[in-house]
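Remarks on the structure that follows.
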Amino acid sequence: MKKILVTGARGQIGSELVTTLRQQYGTANIIASDIREGQAEEGPFETLDVTDGKALYDAAEKHNVDTIMHLAALLSAKAEANPKLAWDLNMGGLMNALEVARELNLQFFTPSSIGAFGPTTPKKGTPQETIMRPTTMYGVNKVAGELLCDYYYYRYGVDTRGVRYPGLISYETPPGGGTTDYAVEIYYEAVRNRQYTSYIDAGTYMDMMYMPDALQAIIKLMEADPDKLVYRNAYNISSVSAAPEDFEKAIQKHIPDFTLDYDVDPVRQRIAESWPDNLDSTAAAKEWGFQAEYDLDKMTADMLEKLCTK
């Protein structure tokens with residue numbers, strides 16, 4: 001990777017990934033893009049709608065990039081609220097980005113998700129290869145996206161790569177419409193109000209990951225020897241499997257008077273129950289050295305410290 005176009009750069013992952021990439025590869029070499037304009041950028045920025053294939057091609061060609069990191073997408077809960085928009089954005093945008101990568105011979109990354117799994121998937125130690133029958137539009141998009149990236153690799157030789165992210169936790173970016181966002185909100189509310197009402201029920205385990213681990217996974221995968229990659233587009237990665245009460249206990253080690261109660265959202269609860277408790281990330285560790293640094297306690301300590309100083 002020498003020059004990278006990041007789509008969805010103002011989203012949960014993109015906003016932090018751009019900063020990390022610019023620190024590592026140089027500000028001028030990372031072109032952020034998003035449909036939303038925002039504050040003055042510290043580096044190159046393109047206002048870009050990924051459903052416009054020509055505009056996407058023009059941006060990549062203009063900046064002479066060698067890599068696309070395609071992050072523009074509608075997340076799980078928002079996708080359920082507007083499934084047609086989710087399909088048009090998530091699949092139409094992905095197809096456009098892959099076409100640009102094919103036409104310009106670019107390296108390509110896009111993330112999949114635990115949302116690609118469904119209620120019939122084994123929930124504990126979910127294998128790298130297993131049954132995938134999601135019951136959400138977001139999940140359907142992710143499974144189709146994994147297959148589409150595989151197709152572009154096998155059919156056209158595009159160097160496609162990707163991971164299946166668990167829920168992502170960050171102190172930098174507010175929640176963005178995902179089912180696992182309670183695990184972000186709980187920290188914000190612990191600092192602000194010493195209390196949180198969870199829309200996910202007690203005992204509902206899901207995989208989570210701290211954003212620094214998520215960002216380093218992208219860089220490590222994209223820099224890996226392509227000859228060692230077997231799965232390429234859908235590596236399970238995992239670090240923390242937790243239910244709401246686990247976050248409560250971890251937070252109470254630092255904020256003893258923190259309290260947690262529940263007001264379960266049936267839609268997001270149904271989505272959460274269809275996802276794995278924890279993923280088997282053996283393939284990622286073996287093929288490109290994935291290893292998470294943060295467990296629940298280390299993540300909690302860092303999250304609370306960072307939020308208290310914001």
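By convention here, the chains of the structure tokens are called A, B, ... in the order presented, each chain's residues are numbered starting at 1, and ligands are numbered starting at 1 in the order presented.
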
Within 9 Å of Asp213 (chain A), counting only C-alpha atoms, which residues show up once you throw out same-chain ones fewer than 2 positions away? Write them as a list in words, please.
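Near neighbours after the sequence-gap exclusion: Met209, Tyr210, Met211, Leu215, Gln216, Ala217, Ile218, Ser239, Gln291, Ala292, Glu293 and Tyr294 of chain A.
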
Writing out the chosen residues with C-alpha atoms as a PDB file, in the first residue's frame:
ATOM      1  CA  MET A 209     -13.432  -5.622  19.809  1.00  0.00           C
ATOM      2  CA  TYR A 210     -11.682  -2.415  20.819  1.00  0.00           C
ATOM      3  CA  MET A 211     -11.058  -0.080  17.913  1.00  0.00           C
ATOM      4  CA  LEU A 215      -7.562  -0.876  12.944  1.00  0.00           C
ATOM      5  CA  GLN A 216      -4.340  -2.810  13.359  1.00  0.00           C
ATOM      6  CA  ALA A 217      -6.073  -5.894  11.955  1.00  0.00           C
ATOM      7  CA  ILE A 218      -6.746  -4.021   8.699  1.00  0.00           C
ATOM      8  CA  SER A 239     -11.090 -10.520  21.249  1.00  0.00           C
ATOM      9  CA  GLN A 291      -3.658 -11.191  17.755  1.00  0.00           C
ATOM     10  CA  ALA A 292      -5.837  -8.841  19.810  1.00  0.00           C
ATOM     11  CA  GLU A 293      -4.131  -6.756  22.470  1.00  0.00           C
ATOM     12  CA  TYR A 294      -7.188  -5.712  24.505  1.00  0.00           C
TER      13      TYR A 294
END

I'd like the neighbourhood of Tyr165 (chain A) as a tab-separated table (two decimals) with N, CA and C atoms, in the first residue's frame, where a residue qualifies if any of its atoms comes within 10 Å (using only C-alpha atoms), though same-chain residues fewer than 4 positions away should be ignored.
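Final output, result_26.tsv:
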chain	number	residue	atom	x	y	z
A	111	PRO	N	-14.82	-4.59	4.98
A	111	PRO	CA	-15.10	-5.44	6.13
A	111	PRO	C	-16.42	-6.19	6.00
A	112	SER	N	-16.41	-7.45	6.45
A	112	SER	CA	-17.66	-8.16	6.71
A	112	SER	C	-17.93	-8.05	8.21
A	113	SER	N	-18.77	-8.93	8.75
A	113	SER	CA	-19.27	-8.72	10.11
A	113	SER	C	-19.83	-10.01	10.67
A	114	ILE	N	-19.95	-10.07	12.00
A	114	ILE	CA	-20.68	-11.18	12.61
A	114	ILE	C	-22.13	-11.19	12.15
A	115	GLY	N	-22.60	-10.07	11.59
A	115	GLY	CA	-23.94	-10.03	11.04
A	115	GLY	C	-24.15	-10.98	9.88
A	116	ALA	N	-23.07	-11.48	9.30
A	116	ALA	CA	-23.18	-12.42	8.19
A	116	ALA	C	-23.68	-13.79	8.65
A	207	ASP	N	-19.63	-11.07	20.39
A	207	ASP	CA	-18.23	-10.72	20.22
A	207	ASP	C	-18.07	-9.21	20.11
A	208	MET	N	-17.06	-8.68	20.76
A	208	MET	CA	-16.73	-7.26	20.71
A	208	MET	C	-15.23	-7.09	20.47
A	209	MET	N	-14.85	-5.91	20.02
A	209	MET	CA	-13.43	-5.62	19.81
A	209	MET	C	-13.19	-4.13	20.00
A	214	ALA	N	-9.04	-3.37	16.02
A	214	ALA	CA	-9.73	-3.45	14.73
A	214	ALA	C	-8.93	-2.76	13.63
A	217	ALA	N	-5.75	-4.70	12.73
A	217	ALA	CA	-6.07	-5.89	11.95
A	217	ALA	C	-6.12	-5.57	10.46
A	234	ALA	N	-12.91	-12.89	4.40
A	234	ALA	CA	-13.87	-13.05	5.49
A	234	ALA	C	-13.23	-13.73	6.69
A	235	TYR	N	-12.11	-13.19	7.16
A	235	TYR	CA	-11.44	-13.78	8.32
A	235	TYR	C	-12.20	-13.48	9.60
A	236	ASN	N	-12.56	-14.52	10.35
A	236	ASN	CA	-13.05	-14.30	11.71
A	236	ASN	C	-11.94	-13.65	12.54
A	237	ILE	N	-12.28	-12.58	13.26
A	237	ILE	CA	-11.37	-12.03	14.26
A	237	ILE	C	-12.17	-11.76	15.53
A	238	SER	N	-11.53	-11.98	16.67
A	238	SER	CA	-12.26	-11.94	17.94
A	238	SER	C	-11.33	-11.51	19.06
A	279	LEU	N	-16.24	-15.93	18.02
A	279	LEU	CA	-15.73	-16.47	16.76
A	279	LEU	C	-14.39	-17.17	16.98

Might you pull out every residue within 8 Å of Ala59 (chain A), with only C-alpha atoms counted and same-chain residues fewer than 4 positions away left off, and present them as a PDB file with N, CA and C atoms, in the first residue's frame?
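Saved file selection_30.pdb follows:
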ATOM      1  N   GLU A  46     -12.423  13.910  -0.524  1.00  0.00           N
ATOM      2  CA  GLU A  46     -13.344  13.991  -1.644  1.00  0.00           C
ATOM      3  C   GLU A  46     -14.769  13.755  -1.137  1.00  0.00           C
ATOM      4  N   ALA A  55     -18.111   8.655 -10.361  1.00  0.00           N
ATOM      5  CA  ALA A  55     -17.463   9.556  -9.399  1.00  0.00           C
ATOM      6  C   ALA A  55     -16.412   8.818  -8.580  1.00  0.00           C
ATOM      7  N   HIS A  63      -6.374  10.718  -7.851  1.00  0.00           N
ATOM      8  CA  HIS A  63      -5.346  10.668  -6.809  1.00  0.00           C
ATOM      9  C   HIS A  63      -4.331   9.546  -7.030  1.00  0.00           C
TER      10      HIS A  63
END

All residues 6 Å or closer to region 104-107 of chain A, only C-alpha atoms, same chain fewer than 3 positions away omitted, as an mmCIF file with C-alpha atoms, in the first residue's frame:
data_model
loop_
_atom_site.group_PDB
_atom_site.id
_atom_site.type_symbol
_atom_site.label_atom_id
_atom_site.label_comp_id
_atom_site.auth_asym_id
_atom_site.auth_seq_id
_atom_site.Cartn_x
_atom_site.Cartn_y
_atom_site.Cartn_z
ATOM 1 C CA ASP A 66 -3.165 1.799 -5.443
ATOM 2 C CA THR A 67 -5.624 0.687 -2.748
ATOM 3 C CA VAL A 100 -12.914 0.477 -9.876
ATOM 4 C CA ALA A 101 -10.404 -1.885 -8.270
ATOM 5 C CA ASP A 159 -6.405 -8.556 -4.581
#

Spatial neighbours of Glu172 (chain A), max dist 10 Å, only C-alpha atoms, sep filter under 3 positions, as an mmCIF file with N, CA and C atoms, in the first residue's frame:
data_model
loop_
_atom_site.group_PDB
_atom_site.id
_atom_site.type_symbol
_atom_site.label_atom_id
_atom_site.label_comp_id
_atom_site.auth_asym_id
_atom_site.auth_seq_id
_atom_site.Cartn_x
_atom_site.Cartn_y
_atom_site.Cartn_z
ATOM 1 N N GLN A 12 -17.917 5.103 11.669
ATOM 2 C CA GLN A 12 -17.332 4.616 12.914
ATOM 3 C C GLN A 12 -15.902 4.135 12.732
ATOM 4 N N ILE A 13 -15.676 3.319 11.725
ATOM 5 C CA ILE A 13 -14.317 2.816 11.479
ATOM 6 C C ILE A 13 -13.493 3.848 10.721
ATOM 7 N N SER A 15 -13.429 7.108 10.351
ATOM 8 C CA SER A 15 -12.910 8.333 10.967
ATOM 9 C C SER A 15 -11.616 8.071 11.727
ATOM 10 N N GLU A 16 -11.500 6.904 12.355
ATOM 11 C CA GLU A 16 -10.275 6.581 13.078
ATOM 12 C C GLU A 16 -9.239 5.918 12.184
ATOM 13 N N ILE A 169 -15.889 -1.070 19.562
ATOM 14 C CA ILE A 169 -16.021 -0.153 20.687
ATOM 15 C C ILE A 169 -14.953 0.925 20.565
ATOM 16 N N PRO A 175 -21.910 6.139 18.618
ATOM 17 C CA PRO A 175 -22.566 4.995 17.993
ATOM 18 C C PRO A 175 -23.247 5.379 16.688
ATOM 19 N N MET A 211 -11.414 -0.642 19.211
ATOM 20 C CA MET A 211 -11.058 -0.080 17.913
ATOM 21 C C MET A 211 -9.565 -0.155 17.589
ATOM 22 N N MET A 303 -10.957 2.882 27.852
ATOM 23 C CA MET A 303 -12.151 3.627 27.438
ATOM 24 C C MET A 303 -12.526 4.686 28.470
ATOM 25 N N LYS A 306 -9.973 7.568 28.620
ATOM 26 C CA LYS A 306 -10.054 8.455 27.468
ATOM 27 C C LYS A 306 -11.329 9.307 27.509
ATOM 28 N N LEU A 307 -12.452 8.699 27.873
ATOM 29 C CA LEU A 307 -13.709 9.450 27.921
ATOM 30 C C LEU A 307 -13.705 10.512 29.006
ATOM 31 N N LYS A 310 -11.915 13.605 27.601
ATOM 32 C CA LYS A 310 -12.399 14.218 26.350
ATOM 33 C C LYS A 310 -12.979 15.606 26.621
#

What is the distance, in Å and to one decimal place, between CA of Glu248 (chain A) and CA of Pro174 (chain A)?
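The value is 19.4 Å.
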
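Close contacts of Lys123 (chain A), defined as residues with an atom at most 10 Å away when counting only C-alpha atoms, with chain neighbours fewer than 6 positions off set aside, comprise Phe117, Tyr205, Met206, Glu273, Ser274, Trp275, Pro276, Asp277, Asn278 and Leu279 of chain A.
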
Emit the selected residues as a PDB file, in the first residue's frame, including N, CA and C atoms.
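Done, and the output landed in out-v4.pdb:
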ATOM      1  N   PHE A 117     -23.623 -14.040   9.952  1.00  0.00           N
ATOM      2  CA  PHE A 117     -24.102 -15.307  10.487  1.00  0.00           C
ATOM      3  C   PHE A 117     -25.584 -15.201  10.850  1.00  0.00           C
ATOM      4  N   TYR A 205     -24.746 -12.793  24.905  1.00  0.00           N
ATOM      5  CA  TYR A 205     -23.326 -12.673  24.604  1.00  0.00           C
ATOM      6  C   TYR A 205     -23.108 -12.357  23.131  1.00  0.00           C
ATOM      7  N   MET A 206     -22.189 -11.445  22.876  1.00  0.00           N
ATOM      8  CA  MET A 206     -21.760 -11.127  21.518  1.00  0.00           C
ATOM      9  C   MET A 206     -20.268 -10.838  21.527  1.00  0.00           C
ATOM     10  N   GLU A 273     -29.554 -12.008  19.093  1.00  0.00           N
ATOM     11  CA  GLU A 273     -29.684 -13.437  19.380  1.00  0.00           C
ATOM     12  C   GLU A 273     -29.369 -14.305  18.168  1.00  0.00           C
ATOM     13  N   SER A 274     -29.372 -13.710  16.982  1.00  0.00           N
ATOM     14  CA  SER A 274     -29.053 -14.474  15.774  1.00  0.00           C
ATOM     15  C   SER A 274     -27.550 -14.530  15.505  1.00  0.00           C
ATOM     16  N   TRP A 275     -26.765 -13.794  16.286  1.00  0.00           N
ATOM     17  CA  TRP A 275     -25.328 -13.712  16.049  1.00  0.00           C
ATOM     18  C   TRP A 275     -24.550 -14.619  16.994  1.00  0.00           C
ATOM     19  N   PRO A 276     -23.304 -14.960  16.634  1.00  0.00           N
ATOM     20  CA  PRO A 276     -22.485 -15.836  17.492  1.00  0.00           C
ATOM     21  C   PRO A 276     -22.116 -15.191  18.823  1.00  0.00           C
ATOM     22  N   ASP A 277     -21.829 -16.064  19.792  1.00  0.00           N
ATOM     23  CA  ASP A 277     -21.288 -15.592  21.066  1.00  0.00           C
ATOM     24  C   ASP A 277     -19.820 -15.221  20.912  1.00  0.00           C
ATOM     25  N   ASN A 278     -19.082 -16.063  20.196  1.00  0.00           N
ATOM     26  CA  ASN A 278     -17.655 -15.777  19.966  1.00  0.00           C
ATOM     27  C   ASN A 278     -17.174 -16.533  18.733  1.00  0.00           C
ATOM     28  N   LEU A 279     -16.243 -15.929  18.018  1.00  0.00           N
ATOM     29  CA  LEU A 279     -15.727 -16.469  16.763  1.00  0.00           C
ATOM     30  C   LEU A 279     -14.390 -17.166  16.977  1.00  0.00           C
TER      31      LEU A 279
END

Applying 10 Å and only C-alpha atoms, which residues near Gly157 (chain A) remain after dropping the ones on its own chain fewer than 6 positions away? List them as a ChimeraX atom specification.
/A:102,105,150-151

Please produce a file of the residues just selected, as a short mmCIF file (atom, residue, chain, number, x, y, z; two decimals), in the first residue's frame, where the atoms kept are N, CA and C atoms.
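The file below, out_15.cif, is the result:
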data_model
loop_
_atom_site.label_atom_id
_atom_site.label_comp_id
_atom_site.auth_asym_id
_atom_site.auth_seq_id
_atom_site.Cartn_x
_atom_site.Cartn_y
_atom_site.Cartn_z
N ARG A 102 -10.97 -3.36 -10.11
CA ARG A 102 -10.66 -4.20 -11.27
C ARG A 102 -10.10 -3.36 -12.42
N ASN A 105 -6.68 -1.90 -11.34
CA ASN A 105 -5.74 -2.87 -10.77
C ASN A 105 -5.29 -2.44 -9.37
N ASP A 150 -14.91 -12.61 -3.19
CA ASP A 150 -14.29 -13.85 -3.64
C ASP A 150 -14.35 -13.95 -5.17
N TYR A 151 -15.50 -13.62 -5.72
CA TYR A 151 -15.69 -13.71 -7.17
C TYR A 151 -14.70 -12.81 -7.91
#

So that I can check the secondary structure, give me every residue of region 94-282 of chain A assigned strand (DSSP E or B) by backbone DSSP, as a PyMOL selection string.
chain A and resi 107-109+112-113+126+160-161+163-165+167-169+195-198+206-210+235-236+240-242+259-262+279

DSSP on the backbone, then: every residue of region 180-301 of chain A marked alpha helix (DSSP H), written as number ranges by chain.
A: 182-193, 211-222, 244-252, 266-273, 282-288, 296-301

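Taking only C-alpha atoms into account, Ile255 (chain A) lies nearest to A:Asn193 out of the set A:Asn193, A:Ser281, A:Ser33, A:Gln24.
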
Residues of region 10-127 of chain A that have any atom at most 8 Å from an atom of region 178-191 of chain A: could you tabulate them with the shortest-distance atom pair and the distance in Å to one decimal, using only C-alpha atoms, ordered by chain and increasing number, as CSV?
residue,atom,partner,partner_atom,distance
A:Leu75,CA,A:Gly178,CA,5.4
A:Ser76,CA,A:Gly178,CA,5.1
A:Ala77,CA,A:Gly178,CA,5.4
A:Lys78,CA,A:Gly178,CA,7.3

With only C-alpha atoms as the atoms that count, which of A:Thr20, A:Thr259, A:Ser241, A:Thr7 lies nearest to Gly125 (chain A)?
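Of the candidates, the smallest distance to Gly125 (chain A) is held by A:Ser241.
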